[in-house]
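Structure data follow from data-v4.txt (compact mmCIF, C-alpha atoms and all ligand atoms):
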```txt
# COMPACT_ATOMS: atom_id res chain seq x y z
CA MET A 1 23.19 -128.65 67.62
CA ALA A 2 20.12 -126.85 66.42
CA PRO A 3 16.83 -128.64 66.37
CA GLN A 4 14.63 -128.67 63.32
CA ARG A 5 14.47 -125.13 61.97
CA ASP A 6 12.71 -123.31 59.27
CA TYR A 7 13.84 -124.60 55.89
CA TYR A 8 13.72 -121.14 54.32
CA GLN A 9 15.87 -119.84 57.13
CA ILE A 10 18.32 -122.71 56.72
CA LEU A 11 18.87 -121.88 53.08
CA GLY A 12 18.70 -118.14 53.69
CA VAL A 13 16.02 -117.53 51.12
CA SER A 14 12.66 -115.83 51.32
CA GLU A 15 9.48 -117.84 51.38
CA THR A 16 8.68 -116.56 47.91
CA ALA A 17 12.03 -117.73 46.48
CA THR A 18 11.94 -119.42 43.10
CA THR A 19 13.16 -122.99 42.67
CA ASP A 20 16.19 -121.54 40.91
CA GLU A 21 17.03 -119.30 43.83
CA ILE A 22 16.62 -122.23 46.20
CA LYS A 23 18.95 -124.38 44.12
CA LYS A 24 21.57 -121.62 43.96
CA ALA A 25 21.46 -121.06 47.70
CA PHE A 26 21.69 -124.80 48.28
CA ARG A 27 24.74 -125.20 46.03
CA ARG A 28 26.57 -122.33 47.68
CA LEU A 29 25.89 -123.57 51.22
CA ALA A 30 26.47 -127.23 50.43
CA LYS A 31 29.89 -126.37 49.03
CA GLN A 32 30.73 -124.33 52.09
CA HIS A 33 29.69 -127.03 54.56
CA HIS A 34 30.65 -130.11 52.60
CA PRO A 35 32.23 -132.75 54.89
CA ASP A 36 35.22 -133.04 52.54
CA ARG A 37 36.05 -129.41 53.20
CA ASN A 38 35.29 -129.62 56.90
CA PRO A 39 36.75 -132.84 58.19
CA ASN A 40 36.20 -133.51 61.89
CA ASN A 41 33.77 -130.66 62.22
CA PRO A 42 30.51 -131.97 63.66
CA GLN A 43 28.84 -128.56 63.42
CA SER A 44 29.44 -128.40 59.71
CA ALA A 45 28.33 -131.98 59.29
CA GLU A 46 25.07 -131.18 61.05
CA ARG A 47 24.66 -128.02 58.97
CA PHE A 48 25.30 -130.00 55.80
CA LYS A 49 22.55 -132.44 56.78
CA GLU A 50 20.13 -129.60 57.47
CA ILE A 51 20.92 -127.93 54.16
CA ASN A 52 20.31 -131.14 52.27
CA GLU A 53 17.08 -131.76 54.11
CA ALA A 54 15.85 -128.23 53.42
CA HIS A 55 16.79 -128.49 49.77
CA ASP A 56 15.18 -131.90 49.48
CA VAL A 57 11.84 -130.47 50.56
CA LEU A 58 11.91 -126.99 49.03
CA SER A 59 13.16 -128.06 45.60
CA ASP A 60 10.27 -130.48 45.19
CA PRO A 61 7.11 -128.50 44.37
CA GLU A 62 4.82 -131.13 45.86
CA LYS A 63 6.78 -131.43 49.10
CA ARG A 64 7.20 -127.65 49.28
CA LYS A 65 3.47 -127.11 48.98
CA LYS A 66 2.79 -129.46 51.87
CA TYR A 67 5.60 -127.94 53.87
CA ASP A 68 4.22 -124.43 53.35
CA GLN A 69 0.84 -125.63 54.53
CA LEU A 70 2.39 -127.07 57.63
CA ARG A 71 4.48 -123.99 58.20
CA ARG A 72 1.36 -121.88 58.34
CA TYR A 73 0.35 -123.82 61.41
CA GLY A 74 3.46 -122.42 63.04
CA ALA A 75 4.99 -125.82 63.31
CA PHE A 76 8.52 -124.62 62.75
CA ALA A 77 10.66 -122.44 64.91
CA GLY A 78 11.72 -119.10 63.59
CA TYR A 79 8.59 -118.59 61.62
CA GLY A 80 6.84 -115.30 62.10
CA GLY A 81 9.54 -112.79 62.85
CA ALA A 82 10.55 -112.58 66.49
CA GLY A 83 11.12 -116.30 66.50
CA SER A 84 10.97 -118.62 69.42
CA ARG A 85 14.02 -120.59 68.49
CA PRO A 86 14.22 -123.51 70.88
CA GLY A 87 17.00 -123.31 73.36
CA SER A 88 17.71 -119.67 72.57
CA GLY A 89 16.00 -118.32 75.61
CA GLY A 90 12.79 -116.33 75.52
CA ALA A 91 9.63 -118.33 75.52
CA PRO A 92 10.44 -121.96 76.25
CA PRO A 93 9.66 -124.13 73.29
CA GLY A 94 6.27 -125.66 73.42
CA ALA A 95 5.05 -123.27 76.03
CA GLY A 96 3.17 -121.11 73.59
CA GLY A 97 0.97 -119.37 76.11
CA ALA A 98 -2.51 -120.71 75.85
CA GLY A 99 -1.31 -123.05 73.11
CA PHE A 100 -1.58 -126.75 73.28
CA ASP A 101 0.88 -129.45 72.50
CA PHE A 102 0.11 -132.13 70.05
CA ASP A 103 2.06 -135.12 69.08
CA LEU A 104 3.15 -136.02 65.57
CA SER A 105 0.77 -138.91 65.63
CA ASP A 106 -2.14 -136.51 65.95
CA LEU A 107 -1.35 -134.94 62.63
CA GLY A 108 -3.13 -137.56 60.64
CA SER A 109 -6.30 -135.67 61.25
CA PHE A 110 -4.91 -132.68 59.40
CA GLY A 111 -5.33 -134.47 56.12
CA GLY A 112 -2.09 -135.14 54.32
CA LEU A 113 0.10 -133.35 56.79
CA GLY A 114 0.83 -136.55 58.58
CA ASP A 115 2.49 -137.80 55.41
CA LEU A 116 4.74 -134.84 55.27
CA PHE A 117 5.73 -135.24 58.87
CA SER A 118 6.60 -138.83 58.39
CA SER A 119 8.60 -137.98 55.29
CA ILE A 120 10.47 -135.23 57.09
CA PHE A 121 10.86 -136.82 60.47
CA GLY A 122 10.35 -140.46 59.76
CA ARG A 123 13.97 -141.21 59.04
CA ARG A 124 14.92 -139.63 62.33
CA GLY A 125 13.00 -142.18 64.34
CA THR A 126 14.69 -143.82 67.26
CA ARG A 127 17.63 -146.00 66.41
CA GLU A 128 15.91 -149.11 67.69
CA GLU A 129 13.19 -148.72 65.10
CA GLU A 130 15.69 -148.26 62.28
CA ASP A 131 17.61 -151.36 63.20
CA ALA A 132 14.53 -153.51 63.38
CA ASP A 133 13.85 -152.76 59.73
CA GLU A 134 17.39 -153.16 58.55
CA VAL A 135 17.86 -156.05 56.14
CA ILE A 136 21.29 -156.88 54.78
CA GLU A 137 21.15 -158.45 51.34
CA VAL A 138 24.05 -160.47 50.04
CA THR A 139 24.66 -162.48 46.88
CA VAL A 140 26.43 -165.78 47.49
CA SER A 141 27.98 -167.98 44.82
CA ILE A 142 27.62 -171.69 45.50
CA PRO A 143 29.14 -174.64 43.64
CA PHE A 144 26.79 -176.62 41.41
CA LYS A 145 27.09 -179.72 43.56
CA VAL A 146 26.30 -177.92 46.81
CA ALA A 147 23.18 -176.46 45.17
CA ALA A 148 22.17 -179.89 43.88
CA LEU A 149 22.88 -181.96 46.97
CA GLY A 150 22.53 -179.33 49.68
CA GLY A 151 25.14 -178.34 52.22
CA LYS A 152 26.56 -175.51 54.26
CA VAL A 153 28.31 -172.40 52.99
CA PRO A 154 30.14 -169.98 55.30
CA ILE A 155 30.04 -166.26 54.53
CA THR A 156 31.64 -163.25 56.17
CA LEU A 157 29.78 -159.95 56.25
CA PRO A 158 30.64 -156.52 57.61
CA MET A 159 27.84 -155.73 60.03
CA PRO A 160 26.95 -153.16 62.66
CA GLU A 161 27.11 -154.65 66.13
CA VAL A 162 26.45 -153.25 69.58
CA CYS A 163 29.66 -151.51 70.67
CA PRO A 164 31.48 -153.85 73.10
CA THR A 165 33.08 -150.97 75.02
CA CYS A 166 29.92 -149.15 75.99
CA GLY A 167 27.32 -151.84 75.40
CA GLY A 168 25.55 -149.56 72.94
CA LYS A 169 25.11 -146.69 75.38
CA GLY A 170 27.65 -144.47 73.63
CA ALA A 171 29.28 -143.44 76.89
CA ALA A 172 32.99 -143.67 77.66
CA PRO A 173 33.88 -146.00 80.54
CA GLY A 174 33.45 -144.08 83.79
CA ALA A 175 31.53 -141.28 82.12
CA THR A 176 28.58 -139.91 83.97
CA ILE A 177 25.21 -139.86 82.35
CA LYS A 178 23.49 -136.53 82.55
CA THR A 179 20.09 -135.34 81.59
CA CYS A 180 20.04 -134.04 78.03
CA PRO A 181 20.18 -130.22 78.16
CA GLU A 182 18.37 -129.90 74.86
CA CYS A 183 15.20 -131.74 75.80
CA LYS A 184 15.55 -131.65 79.60
CA GLY A 185 15.34 -135.41 79.63
CA ARG A 186 12.03 -135.71 77.86
CA GLY A 187 13.55 -137.25 74.76
CA THR A 188 11.48 -135.00 72.56
CA VAL A 189 11.71 -131.37 71.69
CA SER A 190 8.72 -129.26 70.82
CA PHE A 191 8.74 -126.04 68.98
CA GLY A 192 6.38 -123.72 67.24
CA GLN A 193 4.22 -120.84 68.22
CA GLY A 194 0.89 -119.28 67.56
CA GLY A 195 -0.93 -121.81 69.64
CA PHE A 196 0.72 -124.90 68.21
CA ALA A 197 3.73 -126.87 69.25
CA VAL A 198 5.07 -129.97 67.61
CA ASN A 199 7.01 -132.73 69.31
CA ARG A 200 9.82 -134.63 67.67
CA PRO A 201 12.65 -136.85 68.91
CA CYS A 202 15.45 -134.80 70.41
CA PRO A 203 18.34 -134.58 67.92
CA LEU A 204 21.01 -134.19 70.61
CA CYS A 205 20.28 -137.34 72.63
CA ARG A 206 18.47 -139.13 69.81
CA GLY A 207 15.35 -139.42 71.89
CA LYS A 208 17.06 -141.09 74.84
CA GLY A 209 16.65 -138.15 77.21
CA HIS A 210 20.19 -138.43 78.56
CA ILE A 211 23.71 -137.99 77.24
CA PRO A 212 27.10 -139.13 78.53
CA SER A 213 29.61 -136.63 79.92
CA GLU A 214 32.18 -138.22 77.61
CA ARG A 215 31.61 -140.16 74.42
CA CYS A 216 32.72 -143.74 74.04
CA PRO A 217 36.13 -143.72 72.28
CA THR A 218 35.42 -146.99 70.44
CA CYS A 219 32.21 -145.99 68.70
CA GLN A 220 32.41 -142.18 69.03
CA GLY A 221 29.15 -142.24 70.90
CA THR A 222 27.06 -143.95 68.25
CA GLY A 223 26.79 -147.14 70.28
CA GLU A 224 27.69 -149.38 67.38
CA VAL A 225 30.76 -150.71 65.62
CA ARG A 226 31.26 -152.53 62.33
CA VAL A 227 32.53 -156.07 62.61
CA GLU A 228 33.22 -158.90 60.20
CA LYS A 229 30.61 -161.46 61.11
CA ARG A 230 30.80 -165.06 60.02
CA LEU A 231 27.52 -166.78 59.20
CA MET A 232 26.79 -170.32 58.10
CA LEU A 233 24.23 -170.62 55.33
CA THR A 234 22.27 -173.82 54.89
CA VAL A 235 21.70 -174.70 51.25
CA GLN A 236 18.75 -176.99 50.62
CA SER A 237 19.22 -179.75 48.05
CA GLY A 238 17.85 -178.73 44.67
CA THR A 239 18.52 -175.02 45.26
CA GLU A 240 18.08 -173.06 42.07
CA ASP A 241 19.85 -169.96 40.84
CA GLY A 242 18.25 -166.87 42.41
CA THR A 243 16.88 -168.66 45.47
CA ARG A 244 16.61 -166.35 48.50
CA VAL A 245 17.19 -167.45 52.05
CA ARG A 246 16.33 -165.27 55.03
CA LEU A 247 18.25 -165.50 58.27
CA HIS A 248 16.09 -164.02 60.99
CA GLY A 249 17.81 -162.02 63.70
CA GLN A 250 21.34 -162.73 62.51
CA GLY A 251 21.90 -159.33 60.93
CA ALA A 252 22.60 -155.87 62.24
CA LYS A 253 23.19 -155.79 66.00
CA GLY A 254 21.91 -159.32 66.30
CA LYS A 255 18.39 -158.22 65.44
CA GLY A 256 18.10 -157.44 61.75
CA ASP A 257 17.70 -160.07 59.06
CA VAL A 258 20.17 -161.21 56.44
CA VAL A 259 18.86 -162.21 53.03
CA ALA A 260 21.19 -164.37 50.95
CA ILE A 261 20.57 -164.71 47.21
CA PHE A 262 22.21 -167.81 45.79
CA ARG A 263 24.03 -167.78 42.47
CA VAL A 264 24.68 -171.32 41.32
CA GLU A 265 28.05 -171.69 39.60
CA PRO A 266 28.06 -173.79 36.44
CA ASP A 267 29.78 -177.19 36.63
CA HIS A 268 32.14 -178.37 33.90
CA PHE A 269 30.58 -181.81 33.81
CA PHE A 270 26.98 -181.58 35.01
CA ARG A 271 24.06 -179.53 33.76
CA ARG A 272 20.64 -179.38 35.25
CA GLU A 273 17.11 -179.79 33.94
CA GLY A 274 14.64 -179.58 36.80
CA LEU A 275 15.50 -182.45 39.10
CA ASP A 276 17.42 -184.30 36.40
CA VAL A 277 21.13 -183.88 35.78
CA LEU A 278 22.78 -184.22 32.40
CA CYS A 279 26.33 -185.03 31.44
CA THR A 280 28.19 -185.77 28.23
CA VAL A 281 30.61 -188.70 27.99
CA PRO A 282 32.89 -189.40 25.01
CA ILE A 283 33.08 -192.93 23.58
CA ASN A 284 35.22 -194.17 20.72
CA LEU A 285 34.10 -195.61 17.41
CA ALA A 286 34.65 -199.22 18.45
CA GLN A 287 32.63 -198.71 21.65
CA ALA A 288 29.80 -197.21 19.62
CA MET A 289 29.80 -199.98 17.03
CA LEU A 290 30.59 -202.99 19.19
CA GLY A 291 29.07 -201.93 22.48
CA SER A 292 30.91 -201.43 25.75
CA ARG A 293 30.67 -200.80 29.43
CA ILE A 294 31.69 -197.31 30.47
CA ARG A 295 32.17 -195.79 33.89
CA VAL A 296 30.18 -192.63 34.60
CA ARG A 297 30.58 -190.24 37.50
CA THR A 298 27.45 -189.43 39.52
CA LEU A 299 26.59 -186.24 41.43
CA ASP A 300 27.79 -187.73 44.71
CA ASP A 301 31.13 -188.68 43.13
CA ARG A 302 30.56 -192.39 42.75
CA ARG A 303 31.32 -194.27 39.52
CA ILE A 304 28.51 -196.23 37.95
CA VAL A 305 28.97 -198.73 35.14
CA LEU A 306 26.77 -197.93 32.16
CA ARG A 307 26.25 -200.49 29.42
CA VAL A 308 26.47 -198.98 25.94
CA PRO A 309 24.86 -201.34 23.42
CA PRO A 310 26.35 -202.15 20.01
CA GLY A 311 25.26 -199.63 17.39
CA THR A 312 25.05 -196.67 19.76
CA GLN A 313 24.55 -193.39 17.93
CA ASP A 314 26.27 -190.10 18.59
CA GLY A 315 24.14 -187.97 20.92
CA GLN A 316 22.14 -190.92 22.23
CA ARG A 317 20.96 -190.53 25.82
CA PHE A 318 21.03 -193.15 28.54
CA ARG A 319 19.17 -192.91 31.79
CA ILE A 320 20.60 -193.81 35.17
CA PRO A 321 17.51 -193.87 37.40
CA GLY A 322 17.49 -192.14 40.74
CA GLN A 323 20.85 -190.41 40.38
CA GLY A 324 19.43 -186.91 39.96
CA ILE A 325 18.49 -184.27 42.50
CA GLU A 326 16.30 -185.09 45.47
CA LYS A 327 13.80 -182.47 46.56
CA ASN A 328 10.60 -182.70 48.56
CA GLY A 329 10.69 -186.48 48.46
CA ARG A 330 11.06 -186.63 44.67
CA ARG A 331 14.19 -187.75 42.98
CA GLY A 332 15.42 -186.97 39.48
CA ASP A 333 17.54 -189.11 37.17
CA GLN A 334 20.93 -188.77 35.59
CA PHE A 335 21.08 -188.69 31.80
CA VAL A 336 24.27 -189.56 30.01
CA GLU A 337 24.68 -188.28 26.49
CA VAL A 338 27.37 -190.07 24.54
CA HIS A 339 29.57 -188.30 22.10
CA VAL A 340 31.14 -190.63 19.51
CA GLN A 341 34.67 -189.55 18.76
CA ILE A 342 35.87 -190.03 15.20
CA PRO A 343 39.64 -190.46 14.72
CA GLU A 344 41.05 -187.32 13.16
CA LYS A 345 44.01 -188.96 11.47
CA LEU A 346 44.56 -192.47 10.13
CA THR A 347 47.80 -194.25 9.38
CA PRO A 348 47.97 -195.84 5.87
CA GLU A 349 47.39 -199.19 7.54
CA GLN A 350 44.28 -197.99 9.38
CA GLU A 351 42.99 -196.33 6.24
CA ALA A 352 43.28 -199.63 4.36
CA ALA A 353 41.37 -201.38 7.13
CA VAL A 354 38.53 -198.83 7.08
CA LYS A 355 38.34 -199.06 3.28
CA ALA A 356 38.10 -202.84 3.47
CA PHE A 357 35.32 -202.46 6.07
CA ALA A 358 33.50 -200.00 3.85
CA GLU A 359 33.64 -202.33 0.87
CA LYS A 360 32.39 -205.28 2.92
CA THR A 361 29.43 -203.33 4.29
CA GLY A 362 28.61 -201.49 1.04
CA LEU A 363 29.45 -198.04 2.36
CA LYS A 364 30.08 -195.54 -0.40
CA TYR A 365 32.58 -192.73 0.15
ZN ZN B 401 17.63 -134.66 74.31
ZN ZN B 402 30.87 -147.47 72.32
```

Please render this file's structure as structure tokens.
Amino acid sequence: MAPQRDYYQILGVSETATTDEIKKAFRRLAKQHHPDRNPNNPQSAERFKEINEAHDVLSDPEKRKKYDQLRRYGAFAGYGGAGSRPGSGGAPPGAGGAGFDFDLSDLGSFGGLGDLFSSIFGRRGTREEEDADEVIEVTVSIPFKVAALGGKVPITLPMPEVCPTCGGKGAAPGATIKTCPECKGRGTVSFGQGGFAVNRPCPLCRGKGHIPSERCPTCQGTGEVRVEKRLMLTVQSGTEDGTRVRLHGQGAKGKGDVVAIFRVEPDHFFRREGLDVLCTVPINLAQAMLGSRIRVRTLDDRRIVLRVPPGTQDGQRFRIPGQGIEKNGRRGDQFVEVHVQIPEKLTPEQEAAVKAFAEKTGLKY
């Protein structure tokens, strides 16, 4: 596995290549080393990554300009002819005669170059750092009533966990751990010439400084496996659509966070207005005219008797106090909207009765 090399060299173009030439070279090489065409070939996979990285920087004029600047400091191996490619013998990397080593963190003082380094190398930080930042976001549908009253909702998520076979070390059982030959156990490799050498995490051991004699068969040496993890989400009463809940340390490898975004499913009976809940209940003509007592379902599935007075109009609202949503010590009400149902068909006998009623009350029709 080759450490960071010169991007121009990776793409096989000259440093004066046009963007077009760079793109062409990239397409040709990417095709050749594409993982689909080279299954189970780690060398090609690594090459493919390099090619993409080189293209990513060189095809962007702004990034390329910064990279060229950096390259002039001799920060990359292979620059300047004879080449002190790390690990290829000759001058040991980083031992550039009277040169001096400096760490990536020192680059800030070079005005802007630090940015480039972090954009090039940042994503290759140690795995521990990556995991700490990893947040798994998931959208969870919850029933209307659970959102209103609160409750628990179980979810199952695929998640990276520490490999149980090797405990995250990446080594096969019984394998011996040897010092990484690439970095000689330092965990970093340095390269460059002309008085400068740059340190970066070793790509072979991922900065650990040691590698196993045989890779763990369960995780292929990555130290992690994907598992289906079951989590219990607590839904607060009065949860609204779009509410986010963060579970600290219950995500990737037991360290990352999980953020759940609740989607509240509509209910066929209840609607919501702030802390109040609304429902519509049908009543018949006689109930509307003569008054009645009707039974109404509440959020917590009880039945409450509601008195409908004589002369109730269609669409009239009645309030049942305290039967709404409770949140932060406040409690909403339940509103019942009645819908007066008019008979669609009348028998001749019924029709005669309604006509008689109309005449008695002076209703014209
Ligand atoms: Zn190493
Ligand atoms: Zn493992």

Using only C-alpha atoms and all ligand atoms, which residues of chain A come within 10 Å of ligand ZN 402 (chain B), and what is the closest atom pair for each, with the distance in Å to one decimal? Give it as CSV, sorted by chain and residue number.
```
residue,atom,partner,partner_atom,distance
A:Val162,CA,B:ZN402,ZN,7.8
A:Cys163,CA,B:ZN402,ZN,4.5
A:Pro164,CA,B:ZN402,ZN,6.5
A:Thr165,CA,B:ZN402,ZN,4.9
A:Cys166,CA,B:ZN402,ZN,4.1
A:Gly167,CA,B:ZN402,ZN,6.4
A:Gly168,CA,B:ZN402,ZN,5.7
A:Lys169,CA,B:ZN402,ZN,6.6
A:Gly170,CA,B:ZN402,ZN,4.6
A:Ala171,CA,B:ZN402,ZN,6.3
A:Ala172,CA,B:ZN402,ZN,6.9
A:Pro173,CA,B:ZN402,ZN,8.9
A:Arg215,CA,B:ZN402,ZN,7.6
A:Cys216,CA,B:ZN402,ZN,4.5
A:Pro217,CA,B:ZN402,ZN,6.5
A:Thr218,CA,B:ZN402,ZN,4.9
A:Cys219,CA,B:ZN402,ZN,4.1
A:Gln220,CA,B:ZN402,ZN,6.4
A:Gly221,CA,B:ZN402,ZN,5.7
A:Thr222,CA,B:ZN402,ZN,6.6
A:Gly223,CA,B:ZN402,ZN,4.6
A:Glu224,CA,B:ZN402,ZN,6.2
A:Val225,CA,B:ZN402,ZN,7.4
```

All file atoms of range 164-173 of chain A boxed axis-aligned, 3 Å per side, centre plus edges, as AutoDock Vina command-line options:
```
--center_x 29.5 --center_y -148.6 --center_z 76.7 --size_x 14.8 --size_y 16.4 --size_z 13.6
```

Please find the residues contacting ligand ZN 401 (chain B) at a distance of at most 12 Å between atoms, with only C-alpha atoms and all ligand atoms counted, and report them as an mmCIF file with C-alpha atoms, in the coordinates of the input.
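Saved the output as result18.cif:
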```cif
data_model
loop_
_atom_site.group_PDB
_atom_site.id
_atom_site.type_symbol
_atom_site.label_atom_id
_atom_site.label_comp_id
_atom_site.auth_asym_id
_atom_site.auth_seq_id
_atom_site.Cartn_x
_atom_site.Cartn_y
_atom_site.Cartn_z
ATOM 1 C CA MET A 1 23.190 -128.650 67.620
ATOM 2 C CA ALA A 2 20.120 -126.850 66.420
ATOM 3 C CA PRO A 3 16.830 -128.640 66.370
ATOM 4 C CA GLY A 87 17.000 -123.310 73.360
ATOM 5 C CA THR A 126 14.690 -143.820 67.260
ATOM 6 C CA LYS A 178 23.490 -136.530 82.550
ATOM 7 C CA THR A 179 20.090 -135.340 81.590
ATOM 8 C CA CYS A 180 20.040 -134.040 78.030
ATOM 9 C CA PRO A 181 20.180 -130.220 78.160
ATOM 10 C CA GLU A 182 18.370 -129.900 74.860
ATOM 11 C CA CYS A 183 15.200 -131.740 75.800
ATOM 12 C CA LYS A 184 15.550 -131.650 79.600
ATOM 13 C CA GLY A 185 15.340 -135.410 79.630
ATOM 14 C CA ARG A 186 12.030 -135.710 77.860
ATOM 15 C CA GLY A 187 13.550 -137.250 74.760
ATOM 16 C CA THR A 188 11.480 -135.000 72.560
ATOM 17 C CA VAL A 189 11.710 -131.370 71.690
ATOM 18 C CA SER A 190 8.720 -129.260 70.820
ATOM 19 C CA ASN A 199 7.010 -132.730 69.310
ATOM 20 C CA ARG A 200 9.820 -134.630 67.670
ATOM 21 C CA PRO A 201 12.650 -136.850 68.910
ATOM 22 C CA CYS A 202 15.450 -134.800 70.410
ATOM 23 C CA PRO A 203 18.340 -134.580 67.920
ATOM 24 C CA LEU A 204 21.010 -134.190 70.610
ATOM 25 C CA CYS A 205 20.280 -137.340 72.630
ATOM 26 C CA ARG A 206 18.470 -139.130 69.810
ATOM 27 C CA GLY A 207 15.350 -139.420 71.890
ATOM 28 C CA LYS A 208 17.060 -141.090 74.840
ATOM 29 C CA GLY A 209 16.650 -138.150 77.210
ATOM 30 C CA HIS A 210 20.190 -138.430 78.560
ATOM 31 C CA ILE A 211 23.710 -137.990 77.240
ATOM 32 C CA PRO A 212 27.100 -139.130 78.530
#
```

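Residue nearest Val135 in chain A, chosen from A:Thr298, A:Gln316, A:Thr18, A:Gln250 and counting only C-alpha atoms: A:Gln250.
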
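The closest residue to Val258 in chain A, picked from A:Leu290, A:Ile22, A:Ile51, A:Ile155 and counting only C-alpha atoms, is A:Ile155.
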
(request) Between A:Arg307, A:Glu137, A:Arg302, A:Gln313, single out the one closest to Leu247 in chain A, counting all atoms listed in the file. (result)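 For Leu247 in chain A, the nearest of the candidates is A:Glu137.
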
(message) When you count all atoms listed in the file, which of these residues is closest to Asp276 in chain A: A:Gly249, A:Gly329, A:Pro42, A:Gly238?
(response) A:Gly238
